[in-house]
Amino acid sequence: MRERTQPANRWLVLAMQVALIVGSLLAWEFGVRAGKIDPFFFSAPSQIGVTIGGWWQHGYILRDVAVTMEETVFGLLLGGGIGIVLAILLASNRWLGAIFVPFLVLFNSIPRVTLVPLFILWFGFTLWSKVVSAVVLVVFVVFFATYDGIKDVDPTLVANVRVMGAKRLDVMRHVLIPSALTWIFSSLRSAVGFSLIGAVVAEYFGAQAGVGYRIQYSEAQLNTSGVFGGLFILMVLVFIINLFLQRLQRRLLVWKPVDP
Amino acid sequence: MTIISLAGVTKTFDSGYTALRDVNLDVAPERFVALVGPSGCGKSTTLSLISGLDRPTSGTISVRGSAVGGITEGVGFLFQRDALLPWKTVRDNVLLPLQLRGVGGEEARSRVAEWIGRVGLRGFEQSFPYQLSGGMRKRVALAQTLVYNPEILLMDEPFAALDVQTRNLMEAELLTLWQGSRKTVIFVTHDLEEAIALADEVVVMTAGPGRVKARYDVTLPRPRDIEQVRFDPRFTELYSRMWNDLRDEVLESYARANAAG
């Protein structure tokens, strides 16, 4: 047994974090009221609150979040699916792997943001320009996680099941894919994050709804409260998604020792 | 009678290292044979070749009279490293070889339960490997290997990572399980005491490239008490004779490692 120092008290940490947030917001608010901070450039928490309240009354928030989430989920499923299939294919054949992986590394180094206007040109202001923007980010995260997962599998595990009578497909099913799944699940949080970024950035470039659209629209009107309001909504969204994914990971990886 | 036969077997790896050179070895059925030698003498390679996991560069390996092509049928392999699938429970790990053989339903269930019981792990069926101690994981591996009743058991320093007490316990259990089954065992170890205590026959190999240097029959009576047999005068006598052979090889491999390193 490893000795571990007592972890910090959860509630105390939480209380301090809340105090930090409230303190910063108060400082910001009073800075504006005392005339030290120009609300035209920096807005104020109370104004951001009013803006978000107004959006809520108009029913914008739920619609924007629904639109952004739809794009994010499609991007994640499509990008994840392509990434996994591609990885299994390239990892199970020496030739395919040797030929194609360098290209994927190359493509992965392209700043994807610069492609978004192209996708809008190709697919218009539709769902698909957003989904494709998300896919080109997600595919690589999932591909490399799966590929490494399959490549890094302990050869002893493969040898063991082969001696027990496993054929190629059995090895795939009982060893390679479960091993890769660990990596895929571990990469899930960054994959979701990337999918959301892809969707929001594409909305920012051209859309009729969505959180990214809301931010861009506010910016065009020099409405800093709207920009911060949109960012706030995005933050809350990511926070909730992460909580959910943490639970999911813990359930999917029951067989793994819990990280200290 | 021969169940495993190596004839003029040489194995050179892609790196250029020759692990085995012109090895000839015949193993009679139902014998417990220990393979000892310094590190790098190709003991583990020998097991890989017999199991069909690897191919010799030249020479032939035959099992039950036919040359080894793919994976050898009816072979169980106990690895030095942990080879349990970490994402499967104890039960699912033991079930896997039966699943791969298309044994299912009630028969599979009762055989799995029987073997988990025989290695003393009843109550741990739903545990994952990370929740077990090193000794318990070895027991699961043993159950996983024996559940499909292989005729030949290849063991590659299976207990080397365990502490001394657990190790003695596992050795004793292995003997008990083996005595009931009369399987052919090839047990690789660098521990001469372990080899003599367990085996019917000890094969001493030379420093790499490995060749068979000498073979000794261990005539100690069975069943053996792992703890007590070490104090038998015949044990001590065998030990000193074998150690004379082994020492030169260990020194040789030591000198080479130092020269290289």
# chains A, B, ... in the order shown; residues from 1 in each chain; ligands from 1
$ interface_residues --of "chain B" --to "chain A" --cutoff "7 Å" --atoms "only C-alpha atoms" --output "PyMOL selection string"
chain B and resi 51+53+71+75-77+83-87+97+100-101+128+130
$ select_by_dssp --residues "segment 163-199 of chain B" --states "strand (DSSP E)" --output "PyMOL selection string"
chain B and resi 184-189
$ write_last_selection --atoms "N, CA and C atoms" --output "compact mmCIF listing (two decimals), in the first residue's frame"
# COMPACT_ATOMS: atom_id res chain seq x y z
N THR B 184 2.84 -32.96 -19.66
CA THR B 184 4.24 -32.70 -19.93
C THR B 184 4.49 -31.22 -19.63
N VAL B 185 5.52 -30.97 -18.80
CA VAL B 185 5.79 -29.58 -18.43
C VAL B 185 7.21 -29.21 -18.83
N ILE B 186 7.36 -28.04 -19.44
CA ILE B 186 8.70 -27.48 -19.61
C ILE B 186 8.72 -26.18 -18.84
N PHE B 187 9.57 -26.16 -17.84
CA PHE B 187 9.58 -25.07 -16.87
C PHE B 187 10.91 -24.34 -16.96
N VAL B 188 10.86 -23.10 -17.43
CA VAL B 188 12.08 -22.32 -17.57
C VAL B 188 12.33 -21.54 -16.28
N THR B 189 13.55 -21.59 -15.80
CA THR B 189 13.90 -20.82 -14.61
C THR B 189 15.40 -20.56 -14.60
$ residues_around --residues "Val138 of chain A" --least-positions-apart "6" --cutoff "8 Å" --atoms "only C-alpha atoms" --output "list in words"
Gly75, Leu76, Gly79, Gly80, Gly83, Ala191, Val192, Phe194 and Ser195 of chain A
$ atom_distance --atom1 "atom CA of Leu169 of chain A" --atom2 "atom CA of Ser92 of chain A"
10.6 Å
$ residues_around --residues "segment 12-20 of chain B" --least-positions-apart "3" --cutoff "8 Å" --atoms "only C-alpha atoms" --output "list in words"
Val9, Val23, Gly40, Cys41, Gly42, Thr45, Thr46, Pro56, Thr57, Gly208, Pro209, Gly210 and Arg211 of chain B
$ residues_around --residues "segment 152-169 of chain B" --least-positions-apart "2" --cutoff "9 Å" --atoms "only C-alpha atoms" --output "JSON, numbers by chain"
{"B": [3, 29, 30, 43, 44, 47, 48, 50, 51, 74, 75, 76, 77, 78, 79, 80, 81, 134, 135, 138, 145, 146, 149, 150, 171, 172, 173, 174, 183, 184, 185, 186, 187, 188, 189, 190, 191, 194, 226, 227]}
$ write_last_selection --atoms "N, CA and C atoms" --output "CSV table (one decimal), in the first residue's frame"
chain,number,residue,atom,x,y,z
B,3,ILE,N,7.4,-36.6,-27.0
B,3,ILE,CA,6.3,-35.8,-27.3
B,3,ILE,C,6.7,-34.5,-27.9
B,29,PRO,N,6.8,-37.8,-22.8
B,29,PRO,CA,5.5,-37.4,-22.3
B,29,PRO,C,5.4,-37.5,-20.8
B,30,GLU,N,4.6,-36.6,-20.2
B,30,GLU,CA,4.3,-36.6,-18.8
B,30,GLU,C,5.5,-36.4,-17.9
B,43,LYS,N,16.3,-19.6,-23.3
B,43,LYS,CA,15.3,-20.5,-22.6
B,43,LYS,C,13.9,-20.1,-23.0
B,44,SER,N,13.6,-18.8,-22.9
B,44,SER,CA,12.3,-18.3,-23.3
B,44,SER,C,12.0,-18.5,-24.8
B,47,LEU,N,10.7,-21.9,-25.6
B,47,LEU,CA,9.3,-22.0,-25.3
B,47,LEU,C,8.4,-21.4,-26.4
B,48,SER,N,8.9,-20.2,-26.9
B,48,SER,CA,8.1,-19.6,-28.0
B,48,SER,C,8.1,-20.4,-29.2
B,50,ILE,N,8.4,-23.8,-29.3
B,50,ILE,CA,7.6,-25.0,-29.1
B,50,ILE,C,6.1,-24.6,-29.3
B,51,SER,N,5.7,-23.4,-28.7
B,51,SER,CA,4.3,-23.1,-28.8
B,51,SER,C,3.9,-22.6,-30.2
B,74,GLY,N,-3.1,-27.8,-28.2
B,74,GLY,CA,-3.0,-28.4,-26.9
B,74,GLY,C,-1.8,-28.0,-26.0
B,75,VAL,N,-1.4,-26.7,-26.2
B,75,VAL,CA,-0.3,-26.2,-25.4
B,75,VAL,C,-0.9,-25.1,-24.5
B,76,GLY,N,-0.4,-25.1,-23.3
B,76,GLY,CA,-0.7,-24.0,-22.3
B,76,GLY,C,0.6,-23.2,-22.1
B,77,PHE,N,0.5,-21.9,-21.9
B,77,PHE,CA,1.7,-21.1,-21.8
B,77,PHE,C,1.5,-20.2,-20.6
B,78,LEU,N,2.4,-20.3,-19.6
B,78,LEU,CA,2.3,-19.4,-18.4
B,78,LEU,C,3.5,-18.4,-18.6
B,79,PHE,N,3.2,-17.2,-18.7
B,79,PHE,CA,4.2,-16.2,-19.0
B,79,PHE,C,4.8,-15.6,-17.7
B,80,GLN,N,6.0,-15.1,-17.8
B,80,GLN,CA,6.6,-14.4,-16.6
B,80,GLN,C,5.8,-13.2,-16.3
B,81,ARG,N,5.5,-12.4,-17.3
B,81,ARG,CA,4.8,-11.2,-17.1
B,81,ARG,C,3.3,-11.5,-17.0
B,134,GLY,N,-0.2,-10.1,-6.6
B,134,GLY,CA,0.6,-10.8,-7.6
B,134,GLY,C,0.4,-12.3,-7.6
B,135,GLY,N,0.4,-12.9,-6.4
B,135,GLY,CA,0.2,-14.3,-6.2
B,135,GLY,C,-1.2,-14.8,-6.7
B,138,LYS,N,-1.3,-14.9,-10.4
B,138,LYS,CA,-0.7,-16.1,-11.0
B,138,LYS,C,-1.6,-17.2,-10.9
B,145,THR,N,-5.0,-21.3,-17.8
B,145,THR,CA,-4.2,-22.2,-18.6
B,145,THR,C,-4.7,-23.7,-18.5
B,146,LEU,N,-5.1,-24.0,-17.3
B,146,LEU,CA,-5.4,-25.5,-17.1
B,146,LEU,C,-6.9,-25.8,-17.4
B,149,ASN,N,-7.4,-27.8,-20.3
B,149,ASN,CA,-6.7,-29.1,-20.2
B,149,ASN,C,-5.7,-29.3,-21.3
B,150,PRO,N,-4.7,-28.5,-21.5
B,150,PRO,CA,-3.6,-28.7,-22.5
B,150,PRO,C,-2.7,-29.8,-22.1
B,171,GLU,N,4.7,-23.0,-6.0
B,171,GLU,CA,5.4,-24.2,-6.5
B,171,GLU,C,4.7,-25.5,-6.0
B,172,ALA,N,4.4,-25.4,-4.7
B,172,ALA,CA,3.7,-26.6,-4.1
B,172,ALA,C,2.4,-26.9,-4.8
B,173,GLU,N,1.6,-25.8,-5.0
B,173,GLU,CA,0.3,-26.0,-5.7
B,173,GLU,C,0.5,-26.5,-7.1
B,174,LEU,N,1.5,-26.0,-7.8
B,174,LEU,CA,1.7,-26.4,-9.1
B,174,LEU,C,2.0,-27.9,-9.1
B,183,LYS,N,0.7,-34.0,-17.0
B,183,LYS,CA,0.9,-33.3,-18.2
B,183,LYS,C,2.4,-33.2,-18.4
B,184,THR,N,2.8,-33.0,-19.7
B,184,THR,CA,4.2,-32.7,-19.9
B,184,THR,C,4.5,-31.2,-19.6
B,185,VAL,N,5.5,-31.0,-18.8
B,185,VAL,CA,5.8,-29.6,-18.4
B,185,VAL,C,7.2,-29.2,-18.8
B,186,ILE,N,7.4,-28.0,-19.4
B,186,ILE,CA,8.7,-27.5,-19.6
B,186,ILE,C,8.7,-26.2,-18.8
B,187,PHE,N,9.6,-26.2,-17.8
B,187,PHE,CA,9.6,-25.1,-16.9
B,187,PHE,C,10.9,-24.3,-17.0
B,188,VAL,N,10.9,-23.1,-17.4
B,188,VAL,CA,12.1,-22.3,-17.6
B,188,VAL,C,12.3,-21.5,-16.3
B,189,THR,N,13.6,-21.6,-15.8
B,189,THR,CA,13.9,-20.8,-14.6
B,189,THR,C,15.4,-20.6,-14.6
B,190,HIS,N,15.8,-19.5,-13.9
B,190,HIS,CA,17.3,-19.4,-13.7
B,190,HIS,C,17.7,-19.8,-12.3
B,191,ASP,N,16.6,-20.3,-11.5
B,191,ASP,CA,16.8,-20.7,-10.2
B,191,ASP,C,17.0,-22.2,-10.1
B,194,GLU,N,14.8,-24.2,-7.5
B,194,GLU,CA,13.4,-24.3,-8.0
B,194,GLU,C,13.4,-25.5,-9.0
B,226,ILE,N,7.9,-29.3,-1.1
B,226,ILE,CA,8.8,-28.3,-1.6
B,226,ILE,C,9.7,-27.7,-0.6
B,227,GLU,N,9.2,-27.6,0.7
B,227,GLU,CA,10.0,-27.0,1.7
B,227,GLU,C,11.1,-28.0,2.2
$ residues_around --residues "Arg64 of chain B" --least-positions-apart "4" --cutoff "9 Å" --atoms "only C-alpha atoms" --output "number ranges by chain"
B: 2-5
$ closest_residue --among "B:Glu252, B:Glu106, B:Asp54, B:Glu151" --to "Gly70 of chain B" --atoms "only C-alpha atoms"
B:Asp54
$ select_by_dssp --residues "segment 179-238 of chain B" --states "alpha helix (DSSP H)" --output "VMD selection string"
chain B and resid 179 to 181 192 to 198 233 to 238
$ write_last_selection --atoms "N, CA, C and O atoms" --output "compact mmCIF listing (two decimals), in the first residue's frame"
# COMPACT_ATOMS: atom_id res chain seq x y z
N GLN B 179 0.56 -33.31 -10.50
CA GLN B 179 0.56 -34.74 -10.17
C GLN B 179 -0.77 -35.41 -10.52
O GLN B 179 -0.80 -36.54 -10.93
N GLY B 180 -1.85 -34.66 -10.36
CA GLY B 180 -3.14 -35.22 -10.73
C GLY B 180 -3.28 -35.43 -12.23
O GLY B 180 -3.99 -36.34 -12.67
N SER B 181 -2.60 -34.60 -13.02
CA SER B 181 -2.91 -34.54 -14.46
C SER B 181 -1.92 -35.27 -15.34
O SER B 181 -2.26 -35.67 -16.45
N LEU B 192 18.21 -22.65 -9.78
CA LEU B 192 18.54 -24.07 -9.78
C LEU B 192 17.75 -24.83 -8.71
O LEU B 192 17.28 -25.95 -8.94
N GLU B 193 17.58 -24.22 -7.55
CA GLU B 193 16.82 -24.87 -6.48
C GLU B 193 15.40 -25.16 -6.91
O GLU B 193 14.87 -26.25 -6.69
N GLU B 194 14.77 -24.16 -7.53
CA GLU B 194 13.41 -24.32 -8.00
C GLU B 194 13.36 -25.47 -9.01
O GLU B 194 12.47 -26.32 -8.97
N ALA B 195 14.35 -25.48 -9.91
CA ALA B 195 14.38 -26.50 -10.95
C ALA B 195 14.45 -27.90 -10.35
O ALA B 195 13.68 -28.78 -10.72
N ILE B 196 15.35 -28.10 -9.41
CA ILE B 196 15.53 -29.43 -8.84
C ILE B 196 14.30 -29.85 -8.02
O ILE B 196 13.84 -30.98 -8.09
N ALA B 197 13.78 -28.88 -7.26
CA ALA B 197 12.65 -29.20 -6.39
C ALA B 197 11.44 -29.64 -7.19
O ALA B 197 10.67 -30.49 -6.75
N LEU B 198 11.25 -29.06 -8.38
CA LEU B 198 10.04 -29.34 -9.14
C LEU B 198 10.19 -30.48 -10.14
O LEU B 198 9.26 -31.27 -10.33
N PRO B 233 19.74 -34.98 1.24
CA PRO B 233 21.15 -35.02 0.80
C PRO B 233 21.30 -35.21 -0.72
O PRO B 233 22.22 -34.66 -1.32
N ARG B 234 20.36 -35.95 -1.33
CA ARG B 234 20.45 -36.12 -2.78
C ARG B 234 20.25 -34.80 -3.51
O ARG B 234 20.84 -34.54 -4.55
N PHE B 235 19.40 -33.95 -2.91
CA PHE B 235 19.14 -32.63 -3.46
C PHE B 235 20.44 -31.81 -3.49
O PHE B 235 20.85 -31.27 -4.51
N THR B 236 21.11 -31.82 -2.32
CA THR B 236 22.35 -31.05 -2.19
C THR B 236 23.40 -31.54 -3.16
O THR B 236 24.12 -30.75 -3.77
N GLU B 237 23.47 -32.83 -3.31
CA GLU B 237 24.47 -33.42 -4.19
C GLU B 237 24.22 -33.03 -5.65
O GLU B 237 25.12 -32.59 -6.36
N LEU B 238 22.94 -33.16 -6.08
CA LEU B 238 22.57 -32.75 -7.44
C LEU B 238 22.87 -31.28 -7.67
O LEU B 238 23.40 -30.87 -8.69
